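A.B. asks: Can you read through this structure? Questions will come right after.
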Amino acid sequence: MDGVSFPLIVVRQVWKHNLLKEFDLIRIAGMTHRMVAFDTEFPGVVFSPMNIDKRELGKLPSFLNYNIIRDNVNATNIIQLGLALCDDKGSLPNFGTKYQYAWEFNFRDFNVYNDVQNQKSIDLLKSQGINFDKNLKEGIDSADFAAVMLKSGLLGNHSAFDWVTFHGAYDIAYLMKILIRQPLPYDLMGFMTLVQCLFGKRLFDLKHMMKFCDGLYGGLETVANRLGVERLAGKSHQAGSDTLLTLQTFRKLLDVYFKEKNDGGLGHNGHLLTEMQCVLHGLELNNNHQLNNASLNLSLCRQSHVLCN
């Protein structure tokens with residue numbers, strides 16, 4: 001765009017050899033950058049109901065949507081995870097350089113030659129530059145990632161961070177799976193309890209928030225274009241690049257729509273931003289079952305060896 005200066009952004013590639021070094025930087029960034037976005041790449045959807053038209057999947061009840069997500073995530077392995085942090089001005093960490101930084105973690109868990117996968121999804125990821133052979137050879141073991149992520153200070157029921165996703169149910173489920181080192185909770189309530197335990201209450205899903213914003217629809221790229229947000233690094237369907245676009249789009253959405261100030265905080269057309277915390281698109285719970293501190297079941301967290309305080 002003519003006359004507009006964009007920051008120089010580098011997506012830092014993380015492999016097994018530099019995992020600890022990069023998390024040292026993330027811990028430093030977390031001292032001043034308290035908004036975190038993330039995105040994942042995975043082998044696609046491999047299980048779906050046979051008797052339901054794909055166009056109708058978005059209309060399924062939340063508990064059925066969760067069952068589909070649970071079975072797919074339990075059966076497949078993560079490929080990439082993107083992570084981006086920004087401060088209250090929207091700036092990414094620069095560590096005293098002329099560049100701003102985000103991260104892309106490349107995992108070795110998925111074996112393209114043997115593991116269950118959706119071939120169309122794999123072909124798309126290949127076309128966007130993901131090197132599955134390099135991931136197998138140099139990628140991170142998700143158990144090693146989980147060990148440092150759990151000690152990073154980013155997570156916990158009382159987390160000081162705001163977490164941001166776009167249509168994030170699958171992303172959260174894959175991250176949860178590698179953190180707890182066991183299958184996902186059996187039912188939706190158990191899953192959402194553990195979501196709050198891991199991320200705290202200040203977790204936002206742009207896809208859910210869009211329902212309350214006139215004129216917004218579609219996928220991440222469509223929403224970003226509608227809001228005038230440009231992709232500043234990488235390609236779509238690369239976890240680091242999509243994470244950056246998610247973070248930038250979220251901040252622009254707040255600037256454009258959530259300007260009303262009242263006793264309950266920021267809002268838009270009578271809908272408070274706080275009402276949209278810890279609600280995931282497609283996995284909405286009805287009002288009688290919303291999570292709160294009084295009903296939070298921390299036993300799931302303890303069983304999973306996750307620190308929730």
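Chain labels A, B, ... are given in the sequence in which chains occur in the structure tokens; within each chain residues are numbered consecutively from 1, and ligands are likewise numbered from 1 in the order shown.
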Neighbours of segment 74-88 of chain A within 7 Å (only C-alpha atoms; same-chain residues fewer than 3 positions away dropped), as a ChimeraX atom specification?

C.D. replies: /A:32-43,70-71,91-93,102-107,109-110,116,174,183-184,239-240,243-244

A.B. asks: For Phe191 of chain A, find every residue with an atom within 12 Å (counting only C-alpha atoms), except residues of its own chain fewer than 6 positions away, and show them as an NGL selection string.

C.D. replies: :A and (62-63 or 66-67 or 69-70 or 169-170 or 172-174 or 176-177 or 180 or 183-185 or 197-198 or 278-280 or 283-285 or 291 or 296-298 or 300-301)

A.B. asks: Grab the residues selected above and save them as an mmCIF file, in the first residue's frame with C-alpha atoms.

C.D. replies:
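The result, written out as selection24.cif:
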```
data_model
loop_
_atom_site.group_PDB
_atom_site.id
_atom_site.type_symbol
_atom_site.label_atom_id
_atom_site.label_comp_id
_atom_site.auth_asym_id
_atom_site.auth_seq_id
_atom_site.Cartn_x
_atom_site.Cartn_y
_atom_site.Cartn_z
ATOM 1 C CA SER A 62 -21.646 -28.438 19.935
ATOM 2 C CA PHE A 63 -21.271 -31.834 21.578
ATOM 3 C CA TYR A 66 -16.525 -31.831 19.731
ATOM 4 C CA ASN A 67 -16.798 -35.587 19.185
ATOM 5 C CA ILE A 69 -12.714 -32.894 16.652
ATOM 6 C CA ARG A 70 -11.735 -35.256 19.482
ATOM 7 C CA ALA A 169 -11.048 -25.526 18.293
ATOM 8 C CA TYR A 170 -8.686 -27.809 16.349
ATOM 9 C CA ILE A 172 -6.435 -25.721 20.881
ATOM 10 C CA ALA A 173 -7.159 -29.441 20.772
ATOM 11 C CA TYR A 174 -3.797 -30.267 19.158
ATOM 12 C CA MET A 176 -3.819 -29.606 24.516
ATOM 13 C CA LYS A 177 -3.092 -33.131 23.309
ATOM 14 C CA ILE A 180 -1.299 -33.415 28.526
ATOM 15 C CA PRO A 183 -6.098 -38.489 24.608
ATOM 16 C CA LEU A 184 -8.437 -35.531 24.773
ATOM 17 C CA PRO A 185 -11.217 -35.454 27.388
ATOM 18 C CA CYS A 197 -7.274 -24.501 33.083
ATOM 19 C CA LEU A 198 -4.550 -24.238 30.429
ATOM 20 C CA CYS A 278 -13.374 -18.728 26.447
ATOM 21 C CA VAL A 279 -16.054 -19.400 23.812
ATOM 22 C CA LEU A 280 -14.973 -21.393 20.765
ATOM 23 C CA LEU A 283 -18.233 -25.577 20.616
ATOM 24 C CA GLU A 284 -20.448 -22.996 22.301
ATOM 25 C CA LEU A 285 -21.967 -24.067 25.601
ATOM 26 C CA LEU A 291 -17.736 -22.329 32.995
ATOM 27 C CA LEU A 296 -14.023 -25.315 37.517
ATOM 28 C CA ASN A 297 -12.932 -28.915 37.968
ATOM 29 C CA LEU A 298 -9.189 -28.752 38.531
ATOM 30 C CA LEU A 300 -8.457 -32.833 35.172
ATOM 31 C CA CYS A 301 -5.490 -30.495 35.318
#
```

A.B. asks: Which one is closest to Ala147 of chain A: A:Phe212, A:Phe23, A:Tyr99, A:Phe132? Count only C-alpha atoms.

C.D. replies: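 That would be A:Phe23, the residue with the smallest distance to Ala147 of chain A.
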
A.B. asks: Neighbours of Glu221 of chain A within 12 Å (only C-alpha atoms; same-chain residues fewer than 6 positions away dropped), as a ChimeraX atom specification?

C.D. replies: /A:166,207,227-231,235-237,241-246,248-249

A.B. asks: Just N, CA and C atoms for this one: save the residues we selected as a PDB file, in the first residue's frame.

C.D. replies:
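Final output, saved to part_33.pdb:
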```
ATOM      1  N   PHE A 166      -8.174 -18.163  15.576  1.00  0.00           N
ATOM      2  CA  PHE A 166      -9.232 -18.012  14.574  1.00  0.00           C
ATOM      3  C   PHE A 166      -9.795 -19.393  14.289  1.00  0.00           C
ATOM      4  N   LYS A 207     -13.516 -16.268  15.096  1.00  0.00           N
ATOM      5  CA  LYS A 207     -14.644 -16.811  14.327  1.00  0.00           C
ATOM      6  C   LYS A 207     -15.940 -16.681  15.116  1.00  0.00           C
ATOM      7  N   LEU A 227     -11.086  -6.151   6.693  1.00  0.00           N
ATOM      8  CA  LEU A 227     -10.650  -5.160   7.679  1.00  0.00           C
ATOM      9  C   LEU A 227      -9.419  -4.384   7.222  1.00  0.00           C
ATOM     10  N   GLY A 228      -8.922  -4.685   6.027  1.00  0.00           N
ATOM     11  CA  GLY A 228      -7.757  -3.980   5.508  1.00  0.00           C
ATOM     12  C   GLY A 228      -6.442  -4.403   6.130  1.00  0.00           C
ATOM     13  N   VAL A 229      -6.374  -5.652   6.572  1.00  0.00           N
ATOM     14  CA  VAL A 229      -5.152  -6.179   7.191  1.00  0.00           C
ATOM     15  C   VAL A 229      -4.386  -6.985   6.150  1.00  0.00           C
ATOM     16  N   GLU A 230      -3.112  -6.683   5.980  1.00  0.00           N
ATOM     17  CA  GLU A 230      -2.279  -7.387   5.002  1.00  0.00           C
ATOM     18  C   GLU A 230      -1.403  -8.428   5.674  1.00  0.00           C
ATOM     19  N   ARG A 231      -1.173  -9.523   4.966  1.00  0.00           N
ATOM     20  CA  ARG A 231      -0.239 -10.551   5.450  1.00  0.00           C
ATOM     21  C   ARG A 231       1.178 -10.001   5.287  1.00  0.00           C
ATOM     22  N   LYS A 235       3.359 -17.387   3.934  1.00  0.00           N
ATOM     23  CA  LYS A 235       2.224 -17.768   3.107  1.00  0.00           C
ATOM     24  C   LYS A 235       1.099 -18.319   3.966  1.00  0.00           C
ATOM     25  N   SER A 236      -0.108 -18.334   3.383  1.00  0.00           N
ATOM     26  CA  SER A 236      -1.214 -18.991   4.066  1.00  0.00           C
ATOM     27  C   SER A 236      -0.903 -20.479   4.233  1.00  0.00           C
ATOM     28  N   HIS A 237      -1.495 -21.067   5.243  1.00  0.00           N
ATOM     29  CA  HIS A 237      -1.280 -22.475   5.585  1.00  0.00           C
ATOM     30  C   HIS A 237       0.169 -22.763   5.984  1.00  0.00           C
ATOM     31  N   SER A 241       2.900 -17.716   9.712  1.00  0.00           N
ATOM     32  CA  SER A 241       2.267 -16.648   8.957  1.00  0.00           C
ATOM     33  C   SER A 241       0.799 -16.484   9.331  1.00  0.00           C
ATOM     34  N   ASP A 242       0.076 -17.591   9.437  1.00  0.00           N
ATOM     35  CA  ASP A 242      -1.338 -17.526   9.805  1.00  0.00           C
ATOM     36  C   ASP A 242      -1.512 -17.000  11.228  1.00  0.00           C
ATOM     37  N   THR A 243      -0.573 -17.322  12.109  1.00  0.00           N
ATOM     38  CA  THR A 243      -0.628 -16.804  13.472  1.00  0.00           C
ATOM     39  C   THR A 243      -0.490 -15.292  13.482  1.00  0.00           C
ATOM     40  N   LEU A 244       0.463 -14.779  12.726  1.00  0.00           N
ATOM     41  CA  LEU A 244       0.640 -13.327  12.620  1.00  0.00           C
ATOM     42  C   LEU A 244      -0.617 -12.651  12.092  1.00  0.00           C
ATOM     43  N   LEU A 245      -1.196 -13.224  11.049  1.00  0.00           N
ATOM     44  CA  LEU A 245      -2.396 -12.629  10.463  1.00  0.00           C
ATOM     45  C   LEU A 245      -3.555 -12.674  11.458  1.00  0.00           C
ATOM     46  N   THR A 246      -3.652 -13.739  12.228  1.00  0.00           N
ATOM     47  CA  THR A 246      -4.684 -13.842  13.262  1.00  0.00           C
ATOM     48  C   THR A 246      -4.528 -12.733  14.296  1.00  0.00           C
ATOM     49  N   GLN A 248      -2.901  -9.804  14.023  1.00  0.00           N
ATOM     50  CA  GLN A 248      -3.141  -8.491  13.429  1.00  0.00           C
ATOM     51  C   GLN A 248      -4.632  -8.257  13.190  1.00  0.00           C
ATOM     52  N   THR A 249      -5.336  -9.292  12.740  1.00  0.00           N
ATOM     53  CA  THR A 249      -6.765  -9.172  12.460  1.00  0.00           C
ATOM     54  C   THR A 249      -7.555  -8.977  13.745  1.00  0.00           C
TER      55      THR A 249
END
```

A.B. asks: Can you pull out the residues contacting Arg251 of chain A? Cut-off 8 Å, using only C-alpha atoms, and skip same-chain residues under 4 positions away; I want them as a ChimeraX atom specification.

C.D. replies: /A:90,247,255

A.B. asks: Those same residues, written as a PDB file, in the first residue's frame with C-alpha atoms?

C.D. replies:
```pdb
ATOM      1  CA  GLY A  90       0.404  -4.215  18.897  1.00  0.00           C
ATOM      2  CA  LEU A 247      -3.054 -11.494  15.764  1.00  0.00           C
ATOM      3  CA  ASP A 255     -10.169  -1.140  16.962  1.00  0.00           C
TER       4      ASP A 255
END
```

A.B. asks: Can you list, as a PDB file with N, CA and C atoms, in the first residue's frame, every residue of segment 12-211 of chain A that DSSP puts in strand (DSSP E or B)?

C.D. replies:
```
ATOM      1  N   ARG A  12      10.647 -16.848  12.997  1.00  0.00           N
ATOM      2  CA  ARG A  12      11.792 -17.657  13.427  1.00  0.00           C
ATOM      3  C   ARG A  12      11.436 -19.140  13.345  1.00  0.00           C
ATOM      4  N   GLN A  13      12.226 -19.892  12.597  1.00  0.00           N
ATOM      5  CA  GLN A  13      11.985 -21.319  12.431  1.00  0.00           C
ATOM      6  C   GLN A  13      12.600 -22.093  13.609  1.00  0.00           C
ATOM      7  N   VAL A  14      11.786 -22.916  14.243  1.00  0.00           N
ATOM      8  CA  VAL A  14      12.232 -23.639  15.431  1.00  0.00           C
ATOM      9  C   VAL A  14      12.252 -25.135  15.131  1.00  0.00           C
ATOM     10  N   MET A  35      -0.153 -10.427  24.852  1.00  0.00           N
ATOM     11  CA  MET A  35      -1.174 -11.014  23.980  1.00  0.00           C
ATOM     12  C   MET A  35      -0.507 -12.062  23.109  1.00  0.00           C
ATOM     13  N   VAL A  36      -1.088 -13.256  23.074  1.00  0.00           N
ATOM     14  CA  VAL A  36      -0.487 -14.389  22.373  1.00  0.00           C
ATOM     15  C   VAL A  36      -1.491 -14.972  21.384  1.00  0.00           C
ATOM     16  N   ALA A  37      -1.087 -15.098  20.138  1.00  0.00           N
ATOM     17  CA  ALA A  37      -1.887 -15.793  19.131  1.00  0.00           C
ATOM     18  C   ALA A  37      -1.184 -17.068  18.723  1.00  0.00           C
ATOM     19  N   PHE A  38      -1.957 -18.073  18.329  1.00  0.00           N
ATOM     20  CA  PHE A  38      -1.329 -19.288  17.809  1.00  0.00           C
ATOM     21  C   PHE A  38      -2.229 -19.959  16.792  1.00  0.00           C
ATOM     22  N   ASP A  39      -1.590 -20.801  15.995  1.00  0.00           N
ATOM     23  CA  ASP A  39      -2.257 -21.521  14.915  1.00  0.00           C
ATOM     24  C   ASP A  39      -1.499 -22.828  14.724  1.00  0.00           C
ATOM     25  N   THR A  40      -2.164 -23.832  14.210  1.00  0.00           N
ATOM     26  CA  THR A  40      -1.489 -25.102  13.938  1.00  0.00           C
ATOM     27  C   THR A  40      -1.729 -25.543  12.499  1.00  0.00           C
ATOM     28  N   GLU A  41      -0.845 -26.394  12.025  1.00  0.00           N
ATOM     29  CA  GLU A  41      -1.072 -27.150  10.790  1.00  0.00           C
ATOM     30  C   GLU A  41      -1.076 -28.623  11.158  1.00  0.00           C
ATOM     31  N   GLN A  80       2.841 -28.394  12.491  1.00  0.00           N
ATOM     32  CA  GLN A  80       3.446 -27.109  12.844  1.00  0.00           C
ATOM     33  C   GLN A  80       2.589 -26.395  13.884  1.00  0.00           C
ATOM     34  N   LEU A  81       3.237 -25.503  14.635  1.00  0.00           N
ATOM     35  CA  LEU A  81       2.526 -24.594  15.520  1.00  0.00           C
ATOM     36  C   LEU A  81       3.177 -23.220  15.416  1.00  0.00           C
ATOM     37  N   GLY A  82       2.357 -22.203  15.187  1.00  0.00           N
ATOM     38  CA  GLY A  82       2.840 -20.830  15.157  1.00  0.00           C
ATOM     39  C   GLY A  82       2.530 -20.127  16.454  1.00  0.00           C
ATOM     40  N   LEU A  83       3.400 -19.200  16.843  1.00  0.00           N
ATOM     41  CA  LEU A  83       3.228 -18.446  18.084  1.00  0.00           C
ATOM     42  C   LEU A  83       3.665 -17.009  17.840  1.00  0.00           C
ATOM     43  N   ALA A  84       2.826 -16.058  18.239  1.00  0.00           N
ATOM     44  CA  ALA A  84       3.162 -14.639  18.095  1.00  0.00           C
ATOM     45  C   ALA A  84       2.693 -13.895  19.327  1.00  0.00           C
ATOM     46  N   LEU A  85       3.551 -13.015  19.846  1.00  0.00           N
ATOM     47  CA  LEU A  85       3.235 -12.213  21.017  1.00  0.00           C
ATOM     48  C   LEU A  85       3.302 -10.736  20.639  1.00  0.00           C
ATOM     49  N   CYS A  86       2.406  -9.931  21.207  1.00  0.00           N
ATOM     50  CA  CYS A  86       2.483  -8.490  21.001  1.00  0.00           C
ATOM     51  C   CYS A  86       2.224  -7.759  22.302  1.00  0.00           C
ATOM     52  N   TYR A  99      14.214  -5.768  13.414  1.00  0.00           N
ATOM     53  CA  TYR A  99      13.164  -6.708  13.031  1.00  0.00           C
ATOM     54  C   TYR A  99      12.211  -6.965  14.201  1.00  0.00           C
ATOM     55  N   GLN A 100      10.991  -7.391  13.852  1.00  0.00           N
ATOM     56  CA  GLN A 100      10.058  -7.920  14.837  1.00  0.00           C
ATOM     57  C   GLN A 100       9.882  -9.403  14.548  1.00  0.00           C
ATOM     58  N   TYR A 101       9.584 -10.180  15.611  1.00  0.00           N
ATOM     59  CA  TYR A 101       9.678 -11.629  15.483  1.00  0.00           C
ATOM     60  C   TYR A 101       8.403 -12.363  15.914  1.00  0.00           C
ATOM     61  N   ALA A 102       8.151 -13.471  15.211  1.00  0.00           N
ATOM     62  CA  ALA A 102       7.179 -14.480  15.608  1.00  0.00           C
ATOM     63  C   ALA A 102       7.864 -15.833  15.443  1.00  0.00           C
ATOM     64  N   TRP A 103       7.179 -16.912  15.826  1.00  0.00           N
ATOM     65  CA  TRP A 103       7.821 -18.236  15.836  1.00  0.00           C
ATOM     66  C   TRP A 103       6.970 -19.274  15.100  1.00  0.00           C
ATOM     67  N   GLU A 104       7.681 -20.223  14.489  1.00  0.00           N
ATOM     68  CA  GLU A 104       7.037 -21.364  13.844  1.00  0.00           C
ATOM     69  C   GLU A 104       7.769 -22.627  14.273  1.00  0.00           C
ATOM     70  N   PHE A 105       7.064 -23.491  15.012  1.00  0.00           N
ATOM     71  CA  PHE A 105       7.627 -24.731  15.530  1.00  0.00           C
ATOM     72  C   PHE A 105       7.313 -25.874  14.576  1.00  0.00           C
ATOM     73  N   ASN A 106       8.338 -26.606  14.188  1.00  0.00           N
ATOM     74  CA  ASN A 106       8.194 -27.710  13.237  1.00  0.00           C
ATOM     75  C   ASN A 106       8.376 -29.033  13.982  1.00  0.00           C
ATOM     76  N   PHE A 107       7.366 -29.902  13.897  1.00  0.00           N
ATOM     77  CA  PHE A 107       7.344 -31.134  14.684  1.00  0.00           C
ATOM     78  C   PHE A 107       7.684 -32.364  13.846  1.00  0.00           C
ATOM     79  N   ILE A 140      10.883 -31.148  15.995  1.00  0.00           N
ATOM     80  CA  ILE A 140      10.795 -31.216  17.452  1.00  0.00           C
ATOM     81  C   ILE A 140       9.910 -32.390  17.856  1.00  0.00           C
ATOM     82  N   ASP A 162      -3.551 -12.721  27.242  1.00  0.00           N
ATOM     83  CA  ASP A 162      -4.732 -12.888  26.402  1.00  0.00           C
ATOM     84  C   ASP A 162      -4.343 -13.820  25.255  1.00  0.00           C
ATOM     85  N   TRP A 163      -5.145 -14.849  25.028  1.00  0.00           N
ATOM     86  CA  TRP A 163      -4.878 -15.821  23.963  1.00  0.00           C
ATOM     87  C   TRP A 163      -5.863 -15.596  22.815  1.00  0.00           C
ATOM     88  N   VAL A 164      -5.362 -15.678  21.586  1.00  0.00           N
ATOM     89  CA  VAL A 164      -6.167 -15.367  20.406  1.00  0.00           C
ATOM     90  C   VAL A 164      -6.040 -16.497  19.385  1.00  0.00           C
ATOM     91  N   THR A 165      -7.176 -16.923  18.839  1.00  0.00           N
ATOM     92  CA  THR A 165      -7.204 -17.922  17.771  1.00  0.00           C
ATOM     93  C   THR A 165      -8.213 -17.485  16.708  1.00  0.00           C
ATOM     94  N   LEU A 203      -9.361 -16.070  26.660  1.00  0.00           N
ATOM     95  CA  LEU A 203      -9.104 -16.734  25.380  1.00  0.00           C
ATOM     96  C   LEU A 203     -10.188 -16.305  24.412  1.00  0.00           C
ATOM     97  N   PHE A 204      -9.783 -15.869  23.209  1.00  0.00           N
ATOM     98  CA  PHE A 204     -10.735 -15.352  22.239  1.00  0.00           C
ATOM     99  C   PHE A 204     -10.622 -16.107  20.918  1.00  0.00           C
ATOM    100  N   ASP A 205     -11.781 -16.387  20.318  1.00  0.00           N
ATOM    101  CA  ASP A 205     -11.853 -17.010  18.998  1.00  0.00           C
ATOM    102  C   ASP A 205     -12.513 -16.016  18.050  1.00  0.00           C
TER     103      ASP A 205
END
```

A.B. asks: I need the helix (DSSP H, G or I) residues of segment 113-189 of chain A per DSSP on the backbone, written as number ranges by chain.

C.D. replies: A: 119-127, 132-138, 142-149, 169-180, 188-189

A.B. asks: Report, in Å with one decimal, the straight-line distance from atom CA of Lys21 of chain A to atom CA of Asp141 of chain A.

C.D. replies: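 Computing it gives 15.5 Å between the two atoms.
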
A.B. asks: Could you jot down the atom CA of Ala29 of chain A to atom CA of Leu154 of chain A separation for me, Å, one decimal place?

C.D. replies: 10.6 Å
